[in-house]
Structure formats: C-alpha cells, structure tokens
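A.B. asks: Just dropping this structure here.
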Amino acid sequence: MAIAAVPGPAAPVEDVRRLRAMKRIATMALVVAAAVFVATYAVSFGGRGFVRAAAEAAMVGGLADWFAITALFRRPLGLPIPHTALIPARKDALAESLGGFMTTTFLTRDNVGQRLDAADLVRKVATWLVDPGNASRVSQEVADAALAAAQALRPRELADILLAAARTDAARRGYAPLLGRLLQTTVKDDGHQALTDIGLRGTHRWLVENRPELVRQLKAFAEESGWLLWLFATTRRVDRLLGEVIATVGEAAENRGHPMRGLIDKFLMRTALELQGDEQLASRVNEEALRVLDDPALEQWLVDVVDGLVESLRSTLADPHAVPVQRLTRTLITHAARVLTDDALRRRLEDLLRRGVFHAVDHYSDEFTALVVTTVARWDGRETARRIEILAGRDLQFIRINGTVVGAIAGTAIHGVSLLL
C-alpha cells in the first residue's frame, strides 16, 4: 500500500526571504554579463574583444550553473529534460542513502563512545541532582508518571493477571516444599511470634466469649462417652477445667516464654518438615492451592485488595508533599552526592550507561535509518525539494555567482591566449 504524501516541514519565512535575495543577485550577475555582451556590439572601444569574451564566458558559466542547480530541485523552464528534478524524483532513494550514511558513519560505537566520554553525563547529572530543587522536580515528575500509570490501572484486570500467573505457576511446580522451607526458616528466626500472638489472643477471646456454650457441649460429650465420665463431668467441674484452659491460653498469649509456645513451635517445625518430605501431604496442599486459586471468592477478595492499594497509591502520589515523594527527593540527593565522591561507583554507572548505549547502537541503529526513510517517504516530493533548496539554496546561489565570475575570468584568459597563438 502506497504511503500518502504529506507536506514537509514548514520553512522559516526569513530563510525564504534570504534565498530570494540571493537568487536576485545571482540573476542580476547573469543579466549584467548579457548586457555587457550586447553592448560590445553596439559600442566600439579599445579591448572590446577581451570584454566580449569575458561577457560571453560569464553568460555560459552562469547559465550552466543555473541549469545544474535548478535541475536538482525542478525541471528547468518546465522542460522534460532527463536527469532533472533529481530530489523530487529520487527523494526516497536519497533518504535511504542519508539514513544509511548516518547509521554507518555517525552512529558507531567509536563515535558514540567518544561523545559519551566528552559529555561526562554521570557527573553532570549527579551535580544537577545534588541541588534540592532539581531533585524535587525529578521526584515530582516520577510521582506524576506513577500517578498516571496508577490511574490507568483496572483492579479487576490486574487481579485477573495475578491469578492467571499464580495458576500457571501452581500447575508448573509444587508449593508445599516452598511453604515448608519458608515456615522452617520463619520458626528458626522467631519470625512467626507475631502471628502466634494474634492466634493465641484470638483463641483466648473466642474461648471467653463462648464459654457457656462450650461448657454445655463438653458436658454433653462427657455424658455420651460413658457412665464414668457422666459421673464426674458436672457443670462446675467442666467449667473449672475450661477456665484453666482459658487462663493457660491467655498466659501464653502474653508471655512468649510460656511452655505452650514451645509446643506450638515444635508443631510448626514438624509441619514444615512434613511439607518438604511427605509427598502425600504435599500433593494435598497443592490440590488445595489450585482449588483456592479457582475460587471466585478469592478473585473478588483480590480485586478489593488491589482496588484499595491502587486508591491508596493514587491518594499518596497526588500529594506533592507526600512522604514517598520527599523520601525519593532525599534519596536522589544522597546518591547523587555519593556519585560525586565515590569514583568506583561513578565508574560503574558510566560503564552501565556505556553498555546500555552500545546495546541501543548495536540493535536499534537500523531503526534510525527506518525513521529517516519512512518520514521522508511521507513528504511531498516538490515540498521536500523546496525545503532543501531553502536550507542550502543561498550557498548554491553563490555557486551561480562564482560561475559567472570565473567564466568571465576564463573567457578573458582564453581570448588573450588566442591572440598570442
């Protein structure tokens, strides 16, 4: 499918004016040469042959250069002369050659590396970021970008992505050994104590709130278990026994050195080892994990969690004085100051920058050629020629003037030589 032509970039008015002025000067030089040539036939004077030869050669040189320059941009006098209007006719080929030339000549590792060394970007950026005002601006820009990304997030879509990834991962590998190693490490490092506190306190509160009902159920169970338990399981005895249990759980909840905590730790450690070594238990855990991941209730819960997190993120980032923004500002200032004083760190960053730029040069330099080719291909040919003529036209008009002058000098010299022969 052909690419629709679009206008090229607009030319500055001042450039157009200057080009027209130079064209008038070059044309006037040609007109003056022609007038002098005609005058040599109307007026008789000494040295007329030299003047006529100079004027004649000046006209030839000026006309030849006018033709050559005009042929680059359009057909001279509108005549269909072959190999004229070169830029409009060969615009796409010229663009491809120009893009390839830029890629192979300028966008090379050597040139880019030398430019990076001369630019000293890491040091300059660090010096700029040390200024609190600049660091604050960068932090705010980062916050604005993150806010825009957060506003584009859809909680349900994000939850679906997370669940899909979790299902794929759960089908690929078992979670039981992972959970076992995590639980084992957590128990060894006492990282589970906070959760144990929550569990024991919740259990203690539940026992206290449901004590009357528990006494009735325990007494009924004892009566159904045999006449001996029925004889001793009075309401008072069951209530006293349950009270002791409640008190023990309460003490364990408040005292991390309580013996019950040791029993809980042993149970958790044994469970951790079974998760890693018991294949049947691991299989049941994995099946349960897949079942939970397919539960619609989990999906809705995850949507609510993500929605709350996204809303909190939006509220936080919308405030320019929020703690995360201020913390990012301080972090930028701290690390920028470190870059300026730590030569090893600066060299590592420079090496990282160099490798990143070289990767872009190696893998994406062709994209620059494609950008030039496709952009110029969309321009209208005549408008492109006009734009190039405006950019380089003044220098080309000097060629016309020089051609007229050099032609006059050459004509005078040739005429003089002809007289000597």
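Quick note on naming: the chains in the structure tokens go A, B, ... in the order shown, residues restart at 1 in each chain, and ligands are numbered from 1 in order of appearance.
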List as a ChimeraX atom specification the protein and nucleic acid residues near range 249-251 of chain A, meaning an atom at most 9 Å away when only C-alpha atoms are counted, but skip any in the same chain fewer than 2 places from it.
C.D. replies: /A:200-201,203-205,244-247,253-256,258,260
A.B. asks: Any chance you could export the current selection's N, CA, C and O atoms as an mmCIF file, in the first residue's frame?
C.D. replies:
data_model
loop_
_atom_site.group_PDB
_atom_site.id
_atom_site.type_symbol
_atom_site.label_atom_id
_atom_site.label_comp_id
_atom_site.auth_asym_id
_atom_site.auth_seq_id
_atom_site.Cartn_x
_atom_site.Cartn_y
_atom_site.Cartn_z
ATOM 1 N N LEU A 200 -3.093 -16.826 69.390
ATOM 2 C CA LEU A 200 -3.409 -17.141 70.777
ATOM 3 C C LEU A 200 -4.405 -16.143 71.372
ATOM 4 O O LEU A 200 -5.331 -16.534 72.108
ATOM 5 N N ARG A 201 -4.229 -14.868 71.062
ATOM 6 C CA ARG A 201 -5.161 -13.873 71.588
ATOM 7 C C ARG A 201 -6.547 -14.054 71.001
ATOM 8 O O ARG A 201 -7.566 -13.901 71.703
ATOM 9 N N THR A 203 -7.776 -16.905 69.946
ATOM 10 C CA THR A 203 -8.322 -18.123 70.564
ATOM 11 C C THR A 203 -8.813 -17.830 71.978
ATOM 12 O O THR A 203 -9.901 -18.290 72.382
ATOM 13 N N HIS A 204 -8.025 -17.073 72.746
ATOM 14 C CA HIS A 204 -8.422 -16.725 74.117
ATOM 15 C C HIS A 204 -9.720 -15.927 74.114
ATOM 16 O O HIS A 204 -10.643 -16.198 74.917
ATOM 17 N N ARG A 205 -9.830 -14.982 73.224
ATOM 18 C CA ARG A 205 -11.048 -14.167 73.169
ATOM 19 C C ARG A 205 -12.259 -15.016 72.773
ATOM 20 O O ARG A 205 -13.340 -14.861 73.322
ATOM 21 N N GLU A 244 -9.367 -23.162 83.388
ATOM 22 C CA GLU A 244 -7.917 -23.345 83.446
ATOM 23 C C GLU A 244 -7.308 -23.313 82.048
ATOM 24 O O GLU A 244 -6.221 -22.735 81.839
ATOM 25 N N VAL A 245 -8.014 -23.925 81.118
ATOM 26 C CA VAL A 245 -7.522 -23.896 79.723
ATOM 27 C C VAL A 245 -7.486 -22.456 79.204
ATOM 28 O O VAL A 245 -6.508 -22.019 78.589
ATOM 29 N N ILE A 246 -8.557 -21.709 79.489
ATOM 30 C CA ILE A 246 -8.621 -20.318 79.036
ATOM 31 C C ILE A 246 -7.498 -19.504 79.666
ATOM 32 O O ILE A 246 -6.840 -18.690 79.005
ATOM 33 N N ALA A 247 -7.246 -19.721 80.927
ATOM 34 C CA ALA A 247 -6.190 -18.979 81.607
ATOM 35 C C ALA A 247 -4.818 -19.319 81.025
ATOM 36 O O ALA A 247 -3.957 -18.440 80.839
ATOM 37 N N ALA A 253 -0.539 -16.230 75.462
ATOM 38 C CA ALA A 253 -0.679 -15.115 74.523
ATOM 39 C C ALA A 253 0.138 -13.910 74.965
ATOM 40 O O ALA A 253 0.630 -13.140 74.126
ATOM 41 N N GLU A 254 0.322 -13.715 76.250
ATOM 42 C CA GLU A 254 1.031 -12.546 76.757
ATOM 43 C C GLU A 254 2.491 -12.813 77.065
ATOM 44 O O GLU A 254 3.286 -11.889 77.174
ATOM 45 N N ASN A 255 2.878 -14.087 77.191
ATOM 46 C CA ASN A 255 4.239 -14.429 77.588
ATOM 47 C C ASN A 255 4.875 -15.308 76.512
ATOM 48 O O ASN A 255 4.495 -16.469 76.350
ATOM 49 N N ARG A 256 5.853 -14.745 75.774
ATOM 50 C CA ARG A 256 6.474 -15.507 74.692
ATOM 51 C C ARG A 256 7.401 -16.604 75.204
ATOM 52 O O ARG A 256 7.864 -17.433 74.432
ATOM 53 N N HIS A 258 6.333 -18.792 77.486
ATOM 54 C CA HIS A 258 5.435 -19.790 78.061
ATOM 55 C C HIS A 258 5.697 -21.162 77.430
ATOM 56 O O HIS A 258 5.981 -21.251 76.228
ATOM 57 N N MET A 260 3.697 -23.411 76.491
ATOM 58 C CA MET A 260 2.813 -23.713 75.370
ATOM 59 C C MET A 260 3.400 -23.212 74.047
ATOM 60 O O MET A 260 3.196 -23.825 72.994
#
A.B. asks: For Ala336 in chain A, find every residue with an atom within 12 Å (counting only C-alpha atoms), except residues of its own chain fewer than 6 positions away, and show them as number ranges by chain.
C.D. replies: A: 122-132, 134-135, 328-330, 342, 345-346, 349
A.B. asks: Go ahead and save the picked residues with N, CA and C atoms, as a short mmCIF file (atom, residue, chain, number, x, y, z; two decimals), in the first residue's frame.
C.D. replies:
data_model
loop_
_atom_site.label_atom_id
_atom_site.label_comp_id
_atom_site.auth_asym_id
_atom_site.auth_seq_id
_atom_site.Cartn_x
_atom_site.Cartn_y
_atom_site.Cartn_z
N VAL A 122 27.30 11.18 33.63
CA VAL A 122 27.04 10.74 35.01
C VAL A 122 27.39 11.83 35.99
N ARG A 123 28.55 12.44 35.82
CA ARG A 123 28.96 13.50 36.74
C ARG A 123 28.03 14.72 36.62
N LYS A 124 27.67 15.07 35.39
CA LYS A 124 26.81 16.24 35.20
C LYS A 124 25.43 16.02 35.80
N VAL A 125 24.87 14.83 35.59
CA VAL A 125 23.55 14.53 36.16
C VAL A 125 23.61 14.53 37.68
N ALA A 126 24.67 13.93 38.24
CA ALA A 126 24.81 13.91 39.70
C ALA A 126 24.95 15.33 40.25
N THR A 127 25.73 16.16 39.58
CA THR A 127 25.89 17.55 40.01
C THR A 127 24.56 18.29 39.97
N TRP A 128 23.78 17.99 38.96
CA TRP A 128 22.47 18.64 38.81
C TRP A 128 21.50 18.16 39.90
N LEU A 129 21.55 16.87 40.23
CA LEU A 129 20.61 16.30 41.20
C LEU A 129 20.96 16.66 42.63
N VAL A 130 22.19 17.05 42.89
CA VAL A 130 22.55 17.45 44.25
C VAL A 130 21.75 18.66 44.68
N ASP A 131 21.37 19.49 43.75
CA ASP A 131 20.54 20.66 44.05
C ASP A 131 19.16 20.18 44.49
N PRO A 132 18.71 20.51 45.72
CA PRO A 132 17.41 20.03 46.21
C PRO A 132 16.25 20.40 45.29
N ASN A 134 16.26 20.70 42.01
CA ASN A 134 16.25 19.80 40.86
C ASN A 134 15.79 18.40 41.27
N ALA A 135 16.29 17.92 42.40
CA ALA A 135 15.89 16.59 42.87
C ALA A 135 14.39 16.56 43.16
N LEU A 328 11.93 10.12 48.18
CA LEU A 328 12.63 9.95 46.90
C LEU A 328 13.56 11.12 46.65
N THR A 329 13.13 12.33 47.00
CA THR A 329 13.98 13.51 46.83
C THR A 329 15.25 13.37 47.66
N ARG A 330 15.10 12.99 48.92
CA ARG A 330 16.28 12.82 49.78
C ARG A 330 17.19 11.72 49.25
N ASP A 342 32.42 9.17 45.19
CA ASP A 342 32.85 7.77 45.09
C ASP A 342 33.22 7.47 43.64
N LEU A 345 31.99 4.01 42.27
CA LEU A 345 30.57 4.00 41.92
C LEU A 345 30.32 4.74 40.62
N ARG A 346 30.96 5.88 40.45
CA ARG A 346 30.77 6.65 39.22
C ARG A 346 31.24 5.86 38.01
N LEU A 349 28.63 3.26 37.13
CA LEU A 349 27.48 3.85 36.45
C LEU A 349 27.82 4.24 35.01
#
A.B. asks: Would you mind reading off the distance between CA of Leu183 in chain A and CA of Leu195 in chain A, one decimal, in Å?
C.D. replies: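 Straight-line distance from CA of Leu183 in chain A to CA of Leu195 in chain A works out to 12.0 Å.
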A.B. asks: Can you pull out every residue within 12 Å of Leu182 in chain A, counting only C-alpha atoms, but drop anything in the same chain fewer than 2 positions away, and send it as a PyMOL selection string?
C.D. replies: chain A and resi 175-180+184-189+191-192+268-269+271-273+275-276
A.B. asks: Would you pick out the contacts of range 289-297 of chain A at 9 Å or less, using only C-alpha atoms, so that residues sharing its chain but fewer than 2 positions from it are not included, and give the list as number ranges by chain?
C.D. replies: A: 163-164, 166-167, 170-171, 175, 284-287, 299-302
A.B. asks: Go ahead and compute the interatomic distance for CA of Leu242 in chain A and CA of Thr196 in chain A, in Å to one decimal.
C.D. replies: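 These atoms are spaced 21.0 Å apart.
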A.B. asks: Select, from A:Val361, A:Ala385, A:Leu396, A:Ala337, the residue with the minimum atom-to-atom distance to Asp110 in chain A, counting only C-alpha atoms.
C.D. replies: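 Looking at the shortest contact to Asp110 in chain A, the residue is A:Val361.
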A.B. asks: Quick one: residues within 10 Å of Leu353 in chain A, only C-alpha atoms, excluding same-chain residues fewer than 6 positions away - as a list in words?
C.D. replies: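 Close residues of Leu353 in chain A: Leu116, Leu121, Val122, Arg347 and His359 of chain A.
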A.B. asks: Mind writing the picked residues with C-alpha atoms as a tab-separated table (two decimals), in the first residue's frame?
C.D. replies:
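Output (again26.tsv):
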chain	number	residue	atom	x	y	z
A	116	LEU	CA	29.86	9.86	26.00
A	121	LEU	CA	26.88	12.59	31.69
A	122	VAL	CA	27.04	10.74	35.01
A	347	ARG	CA	32.84	4.36	37.01
A	359	HIS	CA	23.30	-2.06	23.08
A.B. asks: Choose the residue, out of A:Ala377, A:Ser136, A:Val303, A:Asp366, that has the smallest atom-to-atom separation from Thr331 in chain A; count only C-alpha atoms.
C.D. replies: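 Of A:Ala377, A:Ser136, A:Val303, A:Asp366, the one nearest Thr331 in chain A is A:Ser136, counting only C-alpha atoms.
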A.B. asks: Could you check the closest approach to Asn402 in chain A for each of A:Ala282, A:Arg211, A:Gly61, A:Val38 and tell me which residue wins, using only C-alpha atoms?
C.D. replies: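 Of all the options, A:Gly61 lies closest to Asn402 in chain A.
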A.B. asks: What is the distance, in Å and to one decimal place, between CA of Asp15 in chain A and CA of Asp395 in chain A?
C.D. replies: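 Interatomic distance here is 12.2 Å.
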A.B. asks: Could you check which of A:Phe221, A:Arg327, A:Ser283, A:Thr27 is closest to Gly174 in chain A, using only C-alpha atoms?
C.D. replies: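 So, comparing all the options, the nearest one is A:Ser283.
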